[in-house]
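Data from my_file02.txt: compact mmCIF, C-alpha atoms
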# COMPACT_ATOMS: atom_id res chain seq x y z
CA MET G 1 88.20 111.59 72.71
CA LYS G 2 91.53 112.84 74.03
CA ARG G 3 94.52 110.48 74.35
CA ILE G 4 96.49 110.91 77.55
CA GLY G 5 100.01 109.71 78.28
CA PHE G 6 101.68 110.16 81.64
CA VAL G 7 104.66 108.81 83.60
CA LEU G 8 105.41 108.00 87.22
CA LYS G 9 108.29 106.08 88.82
CA VAL G 10 107.68 102.88 90.79
CA LYS G 11 110.34 101.99 93.37
CA GLN G 12 112.34 99.24 91.72
CA GLU G 13 112.38 97.03 94.82
CA LEU G 14 108.57 97.09 95.00
CA ILE G 15 107.81 96.28 91.36
CA GLU G 16 106.56 92.74 91.98
CA GLU G 17 104.20 93.89 94.75
CA TYR G 18 102.98 96.75 92.58
CA LYS G 19 102.22 94.34 89.76
CA ALA G 20 100.37 91.98 92.11
CA HIS G 21 98.10 94.81 93.28
CA HIS G 22 97.34 95.66 89.66
CA ARG G 23 96.33 92.11 88.84
CA ASN G 24 93.64 92.52 91.50
CA VAL G 25 92.40 96.09 91.37
CA TRP G 26 89.23 96.42 93.48
CA PRO G 27 86.06 96.15 91.36
CA GLU G 28 84.74 99.41 92.89
CA MET G 29 87.96 101.18 91.78
CA LEU G 30 87.49 99.90 88.22
CA GLU G 31 83.86 101.05 88.24
CA ALA G 32 84.86 104.48 89.55
CA LEU G 33 87.47 104.87 86.80
CA SER G 34 84.98 103.97 84.07
CA ALA G 35 82.38 106.34 85.53
CA ALA G 36 85.01 109.12 85.69
CA GLY G 37 85.81 108.75 81.99
CA TRP G 38 88.98 106.63 82.06
CA HIS G 39 88.66 104.44 78.95
CA ASN G 40 91.05 101.97 77.27
CA TYR G 41 93.38 102.53 80.24
CA SER G 42 96.68 100.63 80.28
CA LEU G 43 99.75 100.81 82.51
CA PHE G 44 103.15 99.76 81.17
CA LEU G 45 106.25 99.16 83.28
CA ARG G 46 109.93 99.30 82.34
CA GLU G 47 112.33 97.03 84.27
CA ASP G 48 113.68 99.99 86.28
CA GLY G 49 110.20 101.00 87.46
CA LEU G 50 109.40 103.69 84.92
CA LEU G 51 105.62 103.53 84.63
CA PHE G 52 103.78 104.76 81.59
CA GLY G 53 100.01 105.29 81.65
CA TYR G 54 97.78 105.59 78.59
CA PHE G 55 94.06 106.22 78.53
CA GLU G 56 91.37 107.86 76.45
CA THR G 57 88.93 110.32 77.92
CA PRO G 58 86.35 112.87 76.75
CA VAL G 59 87.87 115.41 79.16
CA SER G 60 91.47 116.30 80.13
CA LEU G 61 93.94 114.58 82.46
CA GLU G 62 93.21 117.20 85.14
CA GLN G 63 89.47 116.73 84.83
CA ALA G 64 89.69 112.94 84.78
CA VAL G 65 91.82 113.07 87.95
CA ALA G 66 89.39 115.57 89.53
CA GLU G 67 86.45 113.26 88.81
CA MET G 68 88.24 110.43 90.60
CA GLU G 69 89.05 112.70 93.54
CA LYS G 70 85.33 112.97 94.22
CA THR G 71 85.19 109.26 95.04
CA GLU G 72 85.93 107.68 98.39
CA VAL G 73 87.47 104.57 96.83
CA ASN G 74 90.12 106.63 95.05
CA ALA G 75 91.36 108.14 98.31
CA ARG G 76 91.78 104.63 99.73
CA TRP G 77 93.50 103.36 96.58
CA GLN G 78 95.91 106.30 96.36
CA ALA G 79 96.81 105.96 100.04
CA MET G 80 97.60 102.27 99.50
CA MET G 81 99.62 102.96 96.32
CA SER G 82 101.56 105.97 97.58
CA PRO G 83 104.45 103.99 99.16
CA TYR G 84 105.15 102.24 95.86
CA PHE G 85 106.19 105.43 94.05
CA GLU G 86 109.20 107.69 94.13
CA LEU G 87 107.38 110.81 95.30
CA PRO G 88 107.86 113.60 97.82
CA PRO G 89 106.74 112.45 101.30
CA GLY G 90 102.96 112.57 101.69
CA ALA G 91 102.28 113.17 97.99
CA ARG G 92 99.45 111.27 96.32
CA PRO G 93 100.43 109.45 93.12
CA ASP G 94 97.44 110.81 91.21
CA GLN G 95 98.54 114.37 91.93
CA MET G 96 102.07 113.76 90.62
CA PHE G 97 101.35 112.48 87.11
CA VAL G 98 103.77 113.95 84.58
CA GLU G 99 101.68 114.42 81.43
CA LEU G 100 103.42 113.80 78.12
CA GLU G 101 102.79 115.64 74.88
CA CYS G 102 101.10 113.63 72.14
CA VAL G 103 103.29 114.34 69.07
CA PHE G 104 101.83 111.80 66.62
CA HIS G 105 98.66 109.83 66.12
CA LEU G 106 97.47 107.34 63.52
CA ASP G 107 94.01 105.78 63.88
CA MET M 1 94.21 92.84 69.88
CA LYS M 2 97.49 93.24 71.78
CA ARG M 3 98.42 96.58 73.37
CA ILE M 4 102.07 97.53 72.89
CA GLY M 5 104.06 100.08 74.85
CA PHE M 6 107.67 100.95 74.02
CA VAL M 7 110.22 103.65 74.76
CA LEU M 8 113.03 105.35 72.88
CA LYS M 9 115.07 108.48 73.65
CA VAL M 10 115.00 111.50 71.35
CA LYS M 11 118.02 113.81 71.54
CA GLN M 12 116.82 116.76 73.57
CA GLU M 13 118.33 119.35 71.23
CA LEU M 14 116.42 117.86 68.27
CA ILE M 15 112.97 117.64 69.87
CA GLU M 16 111.40 120.48 67.88
CA GLU M 17 112.64 119.06 64.57
CA TYR M 18 111.45 115.59 65.57
CA LYS M 19 108.01 116.97 66.35
CA ALA M 20 107.86 118.84 63.04
CA HIS M 21 108.58 115.62 61.11
CA HIS M 22 105.78 113.90 62.99
CA ARG M 23 103.27 116.58 62.11
CA ASN M 24 103.97 115.68 58.46
CA VAL M 25 104.55 111.95 58.27
CA TRP M 26 104.55 110.83 54.63
CA PRO M 27 101.13 109.47 53.55
CA GLU M 28 102.81 106.31 52.20
CA MET M 29 104.39 105.72 55.64
CA LEU M 30 100.98 106.03 57.32
CA GLU M 31 99.47 103.61 54.80
CA ALA M 32 102.29 101.13 55.35
CA LEU M 33 101.80 101.28 59.14
CA SER M 34 98.07 100.63 58.84
CA ALA M 35 98.64 97.75 56.41
CA ALA M 36 101.26 96.27 58.78
CA GLY M 37 98.78 96.23 61.69
CA TRP M 38 99.74 99.37 63.60
CA HIS M 39 96.40 100.66 64.94
CA ASN M 40 95.50 103.49 67.33
CA TYR M 41 99.20 104.42 67.30
CA SER M 42 100.30 107.41 69.39
CA LEU M 43 103.70 108.83 70.30
CA PHE M 44 104.13 110.82 73.51
CA LEU M 45 107.17 112.93 74.37
CA ARG M 46 108.51 114.06 77.75
CA GLU M 47 110.39 117.37 77.91
CA ASP M 48 113.75 115.60 78.18
CA GLY M 49 113.14 113.57 75.02
CA LEU M 50 111.83 110.34 76.53
CA LEU M 51 109.51 109.00 73.86
CA PHE M 52 106.70 106.62 74.63
CA GLY M 53 104.91 104.73 71.87
CA TYR M 54 101.52 103.04 72.21
CA PHE M 55 99.69 101.03 69.58
CA GLU M 56 97.31 98.14 69.19
CA THR M 57 98.02 95.23 66.89
CA PRO M 58 96.72 91.73 66.18
CA VAL M 59 100.32 90.45 66.25
CA SER M 60 103.34 91.22 68.49
CA LEU M 61 105.77 94.14 68.53
CA GLU M 62 108.37 91.98 66.78
CA GLN M 63 105.92 90.91 64.09
CA ALA M 64 104.58 94.44 63.58
CA VAL M 65 108.16 95.70 63.16
CA ALA M 66 108.97 92.81 60.81
CA GLU M 67 105.95 93.64 58.64
CA MET M 68 107.18 97.23 58.32
CA GLU M 69 110.68 96.01 57.46
CA LYS M 70 109.29 94.48 54.30
CA THR M 71 108.40 97.94 52.98
CA GLU M 72 110.72 100.27 51.13
CA VAL M 73 109.21 103.39 52.69
CA ASN M 74 110.10 102.20 56.20
CA ALA M 75 113.79 101.91 55.32
CA ARG M 76 113.73 105.52 54.07
CA TRP M 77 111.82 106.74 57.15
CA GLN M 78 114.09 104.94 59.63
CA ALA M 79 117.20 106.29 57.89
CA MET M 80 115.81 109.82 58.16
CA MET M 81 114.79 109.38 61.82
CA SER M 82 117.93 107.63 63.03
CA PRO M 83 119.94 110.83 63.80
CA TYR M 84 117.17 112.06 66.12
CA PHE M 85 117.59 109.24 68.63
CA GLU M 86 120.15 108.35 71.25
CA LEU M 87 121.23 105.05 69.72
CA PRO M 88 124.43 103.16 68.99
CA PRO M 89 125.98 104.43 65.73
CA GLY M 90 124.26 102.96 62.69
CA ALA M 91 121.37 101.46 64.63
CA ARG M 92 117.87 101.80 63.22
CA PRO M 93 115.31 103.21 65.66
CA ASP M 94 112.76 100.49 64.90
CA GLN M 95 115.28 97.82 65.91
CA MET M 96 115.98 99.48 69.28
CA PHE M 97 112.46 99.72 70.74
CA VAL M 98 112.42 98.84 74.43
CA GLU M 99 109.11 97.04 74.96
CA LEU M 100 107.35 97.65 78.25
CA GLU M 101 105.28 95.15 80.18
CA CYS M 102 101.54 95.80 80.28
CA VAL M 103 100.69 95.44 84.01
CA PHE M 104 97.10 96.74 84.00
CA HIS M 105 94.26 97.21 81.59
CA LEU M 106 90.71 98.51 81.89
CA ASP M 107 88.52 98.69 78.78
Rewrite the coordinates I just gave you, this time as structure tokens.
Amino acid sequence: MKRIGFVLKVKQELIEEYKAHHRNVWPEMLEALSAAGWHNYSLFLREDGLLFGYFETPVSLEQAVAEMEKTEVNARWQAMMSPYFELPPGARPDQMFVELECVFHLD
Amino acid sequence: MKRIGFVLKVKQELIEEYKAHHRNVWPEMLEALSAAGWHNYSLFLREDGLLFGYFETPVSLEQAVAEMEKTEVNARWQAMMSPYFELPPGARPDQMFVELECVFHLD
């Protein structure tokens, strides 16, 4: 199982809306994530909108993202989420993850 | 089990040294962390030195830090690590964790 860490930046003025969406993620999106190998997945937010994602997967970040890209629900979710992030115009959040290097682990 | 996310900032010019220390954390430090309730603990580093920590604990970040403060090995480790971080002079890294809010979780 590989441990993945990544960052994105949520627009500070949209943090509350972003959080509300994530209290009510569509059940079909959750099912798609599980089926695509996203396990023990958490999102953490700093007050300025820095978003840190952590999950565990048998594959890589690229492969886990590619598995999600095969699903119709992911396209809808990413389109809805796109305006919440500081990204180049038209970019999809799941294609702009900045992966971090895991430099320490203790079970 | 509570999931904790926190950030710190490693000085960019000391990243390689920081990483080397974390490939060889003292066994007694690892044992102290486990005994103090730091489980599934990973550290992730961005190229600019942003450091993200993730761990799972039955207590809180404050309590997990307080448990480590009771150990002698933690004082030695924090003193050694202190120069690697962008912190106020004299501050101990484990007292400057910025805790992030967990806004989403999927098992």
Write down, as a PyMOL selection string, each residue of chain M that has any atom within 10 Å of an atom of chain G, counting all atoms listed in the file.
chain M and resi 3-7+18-25+30-31+33-34+38-47+50-56+98-107
Anything within 9 Å of (95.8, 101.7, 95.4): list those residues as a VMD selection string, counting all atoms listed in the file and sticking to the file's coordinates.
chain G and resid 21 to 22 25 to 26 29 73 to 82
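Minimum atom-to-atom distances from G:Met1, G:Met96, G:Leu8, G:Leu14 to Val65 of chain G were compared using all atoms listed in the file, and the lowest value belongs to G:Met96.
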Between atom CA of Gly49 of chain M and atom CA of Glu86 of chain G, what is the distance in Å, rounded to a tenth?
20.4 Å
Which residue of M:Ile15, M:Val59, M:Leu87, M:Met68 approaches Ala36 of chain M most closely, using all atoms listed in the file:
M:Met68
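In this model, the gap between atom CA of Lys2 of chain M and atom CA of Leu61 of chain M comes to 8.9 Å.
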Determine the axis-aligned bounding box of all atoms of segment 50-53 of chain G present in the file, pad each side by 8 Å, and express its centre and edge lengths in Å to one decimal place as lines of an AutoDock Vina configuration file.
center_x = 104.7
center_y = 104.4
center_z = 83.3
size_x = 25.4
size_y = 17.8
size_z = 19.3
Nearest to Glu17 of chain M: which of M:Phe85, M:Ala32, M:Gly37, M:Glu69 is it, counting only C-alpha atoms?
M:Phe85
Separation of atom CA of Glu28 of chain M and atom CA of Thr71 of chain M, in Å?
10.1 Å
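Distance annotation: of M:Asp94, M:Gln12, M:Tyr84, M:Pro27, the residue with the minimal separation from Gln63 of chain M is M:Asp94; atom set is only C-alpha atoms.
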Take segment 32-49 of chain M, bring it up to N, CA and C atoms, and give me the output as a tab-separated table (two decimals), in the frame of the given file.
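Saved as selection-v5.tsv:
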chain	number	residue	atom	x	y	z
M	32	ALA	N	101.52	102.34	55.07
M	32	ALA	CA	102.29	101.13	55.35
M	32	ALA	C	102.08	100.67	56.79
M	33	LEU	N	102.04	101.63	57.73
M	33	LEU	CA	101.80	101.28	59.14
M	33	LEU	C	100.44	100.61	59.29
M	34	SER	N	99.42	101.21	58.72
M	34	SER	CA	98.07	100.63	58.84
M	34	SER	C	98.03	99.22	58.25
M	35	ALA	N	98.65	99.06	57.07
M	35	ALA	CA	98.64	97.75	56.41
M	35	ALA	C	99.42	96.72	57.21
M	36	ALA	N	100.43	97.19	57.99
M	36	ALA	CA	101.26	96.27	58.78
M	36	ALA	C	100.66	96.00	60.17
M	37	GLY	N	99.47	96.55	60.43
M	37	GLY	CA	98.78	96.23	61.69
M	37	GLY	C	99.10	97.15	62.84
M	38	TRP	N	99.51	98.38	62.54
M	38	TRP	CA	99.74	99.37	63.60
M	38	TRP	C	98.47	100.22	63.72
M	39	HIS	N	97.68	99.97	64.78
M	39	HIS	CA	96.40	100.66	64.94
M	39	HIS	C	96.40	101.50	66.21
M	40	ASN	N	95.63	102.59	66.17
M	40	ASN	CA	95.50	103.49	67.33
M	40	ASN	C	96.89	103.81	67.90
M	41	TYR	N	97.76	104.23	67.00
M	41	TYR	CA	99.20	104.42	67.30
M	41	TYR	C	99.44	105.87	67.71
M	42	SER	N	99.96	106.07	68.92
M	42	SER	CA	100.30	107.41	69.39
M	42	SER	C	101.74	107.44	69.89
M	43	LEU	N	102.37	108.59	69.72
M	43	LEU	CA	103.70	108.83	70.30
M	43	LEU	C	103.60	109.99	71.26
M	44	PHE	N	104.15	109.80	72.46
M	44	PHE	CA	104.13	110.82	73.51
M	44	PHE	C	105.57	111.17	73.88
M	45	LEU	N	105.81	112.46	74.12
M	45	LEU	CA	107.17	112.93	74.37
M	45	LEU	C	107.23	113.65	75.72
M	46	ARG	N	108.23	113.31	76.52
M	46	ARG	CA	108.51	114.06	77.75
M	46	ARG	C	109.50	115.16	77.41
M	47	GLU	N	109.56	116.19	78.23
M	47	GLU	CA	110.39	117.37	77.91
M	47	GLU	C	111.86	117.03	77.68
M	48	ASP	N	112.34	115.96	78.32
M	48	ASP	CA	113.75	115.60	78.18
M	48	ASP	C	114.01	114.70	76.98
M	49	GLY	N	112.95	114.37	76.21
M	49	GLY	CA	113.14	113.57	75.02
M	49	GLY	C	112.74	112.11	75.17
